Amino acid sequence: ICIGHRGLLRLVLRAAGKAVHSGSAAWSQGRDGANALTGLAAILLRLEALEIPTAEQPAFVGLGNKITPTLLRGGEFESMVPAHAEALVDVRLLPGVSPQGVVDRVKQAIAEETARRPGLVVSVEVKNSLPGAAIPADHPLVKLAEEYTQTLTGRTWLAQGAGPANEGYMLIQAGIPTLCGFGPQGDNAHAPDEWVDLESLPRTVAIYAGMVREYLEGGV
């Protein structure tokens, strides 16, 4: 019973260096050239290890703030020191964590690394930013979901927050209580052998029907 989700921040990092022949004496002796690809890679390793402190949230047990570089491309030719490189960085944030605060820390890490690499310049663009959101674990909607899942499955379902983001924040911020993930059983999202249990589909419909009926009868 998903009572909320983490926020999503996606950053595009663009690195500019200086191209030079990789076999030249100037490059070998460190007199010319700046490798945009390895410079950006060093920054990505810094970001991967960057910790974003925040207070623990009971609904998000085992889920904290996480920075994950997911895309990297760069270079122009086999024997050229790369003058350009670009990466996408995926950031997941617990509700209440400031995206701008994270961007500021990313810029600080970039400044520290570029100071060690003359000729390297790296810019940051915010591609996507949406907040984390959650409703209280004791909200009547959550209690109703707990009641019907117990009745129709014979077991207690946990009420907790989700790691991935979704559109639930739009409704929650508008004052509309929302379950941000509640349906058929499955696993391995965005991974090999992603699956859903077909037998759980009609059971999910029955759970929805019971909850809607009680809601319309004034049970919430």
# chains A, B, ... in the order shown; residues from 1 in each chain; ligands from 1

$ closest_atom_pairs --of "segment 72-182 of chain A" --to "segment 5-23 of chain A" --cutoff "6 Å" --atoms "only C-alpha atoms" --output "Markdown table"
| residue | atom | partner | partner_atom | distance |
| --- | --- | --- | --- | --- |
| A:Ser79 | CA | A:Ser22 | CA | 5.3 |
| A:Met80 | CA | A:His21 | CA | 4.9 |
| A:Val81 | CA | A:Ala19 | CA | 5.0 |
| A:Pro82 | CA | A:Ala19 | CA | 5.7 |
| A:Ala83 | CA | A:Gly17 | CA | 4.3 |
| A:His84 | CA | A:Ala16 | CA | 4.9 |
| A:Ala85 | CA | A:Ala15 | CA | 5.1 |
| A:Glu86 | CA | A:Arg14 | CA | 4.5 |
| A:Ala87 | CA | A:Leu13 | CA | 5.2 |
| A:Leu88 | CA | A:Val12 | CA | 4.7 |
| A:Val89 | CA | A:Leu11 | CA | 5.1 |
| A:Asp90 | CA | A:Arg10 | CA | 4.8 |
| A:Val91 | CA | A:Leu9 | CA | 4.9 |
| A:Arg92 | CA | A:Leu8 | CA | 5.0 |
| A:Leu93 | CA | A:Gly7 | CA | 4.8 |
| A:Leu94 | CA | A:Arg6 | CA | 4.8 |
| A:Pro95 | CA | A:Arg6 | CA | 5.9 |
| A:Gly119 | CA | A:Gly17 | CA | 5.8 |
| A:Leu120 | CA | A:Gly17 | CA | 4.7 |
| A:Val121 | CA | A:Ala16 | CA | 5.2 |
| A:Val122 | CA | A:Ala15 | CA | 4.3 |
| A:Ser123 | CA | A:Arg14 | CA | 5.3 |
| A:Val124 | CA | A:Leu13 | CA | 4.8 |
| A:Glu125 | CA | A:Val12 | CA | 5.0 |
| A:Val126 | CA | A:Leu11 | CA | 4.7 |
| A:Lys127 | CA | A:Arg10 | CA | 5.3 |
| A:Asn128 | CA | A:Arg10 | CA | 4.9 |
| A:Ser129 | CA | A:Leu9 | CA | 4.5 |
| A:Leu130 | CA | A:Leu8 | CA | 5.3 |
| A:Pro131 | CA | A:Gly7 | CA | 4.3 |
| A:Gly132 | CA | A:Gly7 | CA | 3.6 |
| A:Ala133 | CA | A:His5 | CA | 5.7 |
| A:Gly161 | CA | A:His5 | CA | 5.2 |
| A:Ala162 | CA | A:His5 | CA | 4.5 |
| A:Gly163 | CA | A:Arg6 | CA | 5.6 |
| A:Ala165 | CA | A:His5 | CA | 5.4 |

$ select_by_dssp --residues "segment 26-155 of chain A" --states "strand (DSSP E)" --output "count of residues only"
31

$ closest_residue --among "A:Thr153, A:Ala36, A:Gly168, A:Leu63" --to "Gln185 of chain A" --atoms "only C-alpha atoms"
A:Thr153

$ residues_around --residues "Ile43 of chain A" --least-positions-apart "4" --cutoff "8 Å" --atoms "only C-alpha atoms" --output "ChimeraX atom specification"
/A:39,47,109-110,113

$ select_by_dssp --residues "segment 2-126 of chain A" --states "alpha helix (DSSP H)" --output "VMD selection string"
chain A and resid 25 to 28 36 to 48 99 to 114

$ residues_around --residues "Gly210 of chain A" --least-positions-apart "6" --cutoff "10 Å" --atoms "only C-alpha atoms" --output "number ranges by chain"
A: 144-145, 147-149, 152, 204

$ write_last_selection --atoms "C-alpha atoms" --output "compact mmCIF listing (two decimals), in the first residue's frame"
# COMPACT_ATOMS: atom_id res chain seq x y z
CA LEU A 144 -9.44 1.27 4.13
CA ALA A 145 -6.81 -0.26 1.83
CA GLU A 147 -8.88 -3.59 5.56
CA TYR A 148 -9.68 -4.78 2.05
CA THR A 149 -6.27 -6.25 1.29
CA LEU A 152 -9.28 -10.49 0.14
CA THR A 204 -7.02 -6.17 -7.39

$ residues_around --residues "segment 51-57 of chain A" --least-positions-apart "4" --cutoff "8 Å" --atoms "only C-alpha atoms" --output "VMD selection string"
chain A and resid 61 64 to 66 97 102

$ residues_around --residues "Ile172 of chain A" --least-positions-apart "2" --cutoff "12 Å" --atoms "only C-alpha atoms" --output "mmCIF file with N, CA, C and O atoms, in the first residue's frame"
data_model
loop_
_atom_site.group_PDB
_atom_site.id
_atom_site.type_symbol
_atom_site.label_atom_id
_atom_site.label_comp_id
_atom_site.auth_asym_id
_atom_site.auth_seq_id
_atom_site.Cartn_x
_atom_site.Cartn_y
_atom_site.Cartn_z
ATOM 1 N N ILE A 3 1.976 4.765 0.191
ATOM 2 C CA ILE A 3 1.438 6.022 0.704
ATOM 3 C C ILE A 3 2.176 7.248 0.172
ATOM 4 O O ILE A 3 1.812 8.378 0.492
ATOM 5 N N GLY A 4 3.218 7.037 -0.620
ATOM 6 C CA GLY A 4 3.951 8.168 -1.169
ATOM 7 C C GLY A 4 5.122 7.710 -2.014
ATOM 8 O O GLY A 4 5.298 6.520 -2.261
ATOM 9 N N HIS A 5 5.903 8.655 -2.465
ATOM 10 C CA HIS A 5 7.051 8.322 -3.317
ATOM 11 C C HIS A 5 8.161 9.336 -3.123
ATOM 12 O O HIS A 5 7.939 10.463 -2.668
ATOM 13 N N PRO A 95 10.848 12.864 0.584
ATOM 14 C CA PRO A 95 9.996 14.051 0.723
ATOM 15 C C PRO A 95 10.614 15.060 1.694
ATOM 16 O O PRO A 95 11.137 14.693 2.746
ATOM 17 N N PRO A 131 8.820 16.845 -6.774
ATOM 18 C CA PRO A 131 9.029 16.604 -5.347
ATOM 19 C C PRO A 131 8.553 15.229 -4.895
ATOM 20 O O PRO A 131 7.704 14.602 -5.533
ATOM 21 N N GLY A 132 9.102 14.783 -3.781
ATOM 22 C CA GLY A 132 8.554 13.618 -3.117
ATOM 23 C C GLY A 132 7.294 14.015 -2.374
ATOM 24 O O GLY A 132 7.077 15.195 -2.066
ATOM 25 N N ALA A 133 6.448 13.056 -2.085
ATOM 26 C CA ALA A 133 5.191 13.354 -1.399
ATOM 27 C C ALA A 133 4.682 12.096 -0.718
ATOM 28 O O ALA A 133 4.993 10.978 -1.137
ATOM 29 N N ALA A 134 3.887 12.294 0.333
ATOM 30 C CA ALA A 134 3.305 11.151 1.047
ATOM 31 C C ALA A 134 2.117 11.611 1.874
ATOM 32 O O ALA A 134 2.041 12.783 2.272
ATOM 33 N N ILE A 135 1.189 10.695 2.105
ATOM 34 C CA ILE A 135 0.104 10.944 3.044
ATOM 35 C C ILE A 135 0.412 10.175 4.324
ATOM 36 O O ILE A 135 1.202 9.232 4.307
ATOM 37 N N PRO A 136 -0.186 10.545 5.437
ATOM 38 C CA PRO A 136 0.103 9.850 6.698
ATOM 39 C C PRO A 136 -0.259 8.370 6.629
ATOM 40 O O PRO A 136 -1.245 7.988 5.991
ATOM 41 N N ASN A 166 6.301 9.102 -9.157
ATOM 42 C CA ASN A 166 5.148 9.061 -10.063
ATOM 43 C C ASN A 166 4.368 10.364 -9.936
ATOM 44 O O ASN A 166 4.840 11.320 -9.324
ATOM 45 N N GLU A 167 3.165 10.391 -10.488
ATOM 46 C CA GLU A 167 2.394 11.633 -10.518
ATOM 47 C C GLU A 167 1.583 11.864 -9.252
ATOM 48 O O GLU A 167 0.803 12.818 -9.167
ATOM 49 N N GLY A 168 1.752 11.001 -8.246
ATOM 50 C CA GLY A 168 0.961 11.132 -7.030
ATOM 51 C C GLY A 168 1.122 12.475 -6.343
ATOM 52 O O GLY A 168 0.188 12.980 -5.719
ATOM 53 N N TYR A 169 2.315 13.073 -6.461
ATOM 54 C CA TYR A 169 2.557 14.359 -5.797
ATOM 55 C C TYR A 169 1.607 15.443 -6.276
ATOM 56 O O TYR A 169 1.250 16.357 -5.521
ATOM 57 N N MET A 170 1.179 15.377 -7.555
ATOM 58 C CA MET A 170 0.278 16.398 -8.090
ATOM 59 C C MET A 170 -1.036 16.411 -7.313
ATOM 60 O O MET A 170 -1.570 17.472 -6.982
ATOM 61 N N ALA A 174 -2.388 18.969 -4.203
ATOM 62 C CA ALA A 174 -3.663 19.644 -4.448
ATOM 63 C C ALA A 174 -4.692 19.338 -3.359
ATOM 64 O O ALA A 174 -5.845 19.745 -3.459
ATOM 65 N N GLY A 175 -4.261 18.591 -2.331
ATOM 66 C CA GLY A 175 -5.156 18.287 -1.237
ATOM 67 C C GLY A 175 -6.018 17.058 -1.459
ATOM 68 O O GLY A 175 -7.007 16.858 -0.747
ATOM 69 N N ILE A 176 -5.657 16.226 -2.438
ATOM 70 C CA ILE A 176 -6.420 15.022 -2.742
ATOM 71 C C ILE A 176 -5.641 13.814 -2.232
ATOM 72 O O ILE A 176 -4.604 13.461 -2.802
ATOM 73 N N PRO A 177 -6.096 13.164 -1.154
ATOM 74 C CA PRO A 177 -5.372 11.991 -0.635
ATOM 75 C C PRO A 177 -5.229 10.929 -1.723
ATOM 76 O O PRO A 177 -6.194 10.603 -2.415
ATOM 77 N N THR A 178 -4.017 10.402 -1.873
ATOM 78 C CA THR A 178 -3.730 9.497 -2.983
ATOM 79 C C THR A 178 -2.806 8.373 -2.545
ATOM 80 O O THR A 178 -1.822 8.613 -1.843
ATOM 81 N N LEU A 179 -3.133 7.161 -2.985
ATOM 82 C CA LEU A 179 -2.204 6.043 -2.869
ATOM 83 C C LEU A 179 -1.352 6.056 -4.128
ATOM 84 O O LEU A 179 -1.878 6.007 -5.242
ATOM 85 N N CYS A 180 -0.040 6.106 -3.967
ATOM 86 C CA CYS A 180 0.857 6.311 -5.098
ATOM 87 C C CYS A 180 1.338 5.010 -5.734
ATOM 88 O O CYS A 180 2.322 4.998 -6.474
#

$ closest_residue --among "A:Val103, A:Asp197, A:Ile207, A:Ala137" --to "Ala59 of chain A" --atoms "only C-alpha atoms"
A:Ala137

$ atom_distance --atom1 "atom CA of Arg46 of chain A" --atom2 "atom CA of Thr114 of chain A"
12.0 Å

$ closest_residue --among "A:Pro58, A:Gly183, A:Pro69, A:Pro118" --to "Gly33 of chain A" --atoms "only C-alpha atoms"
A:Pro118
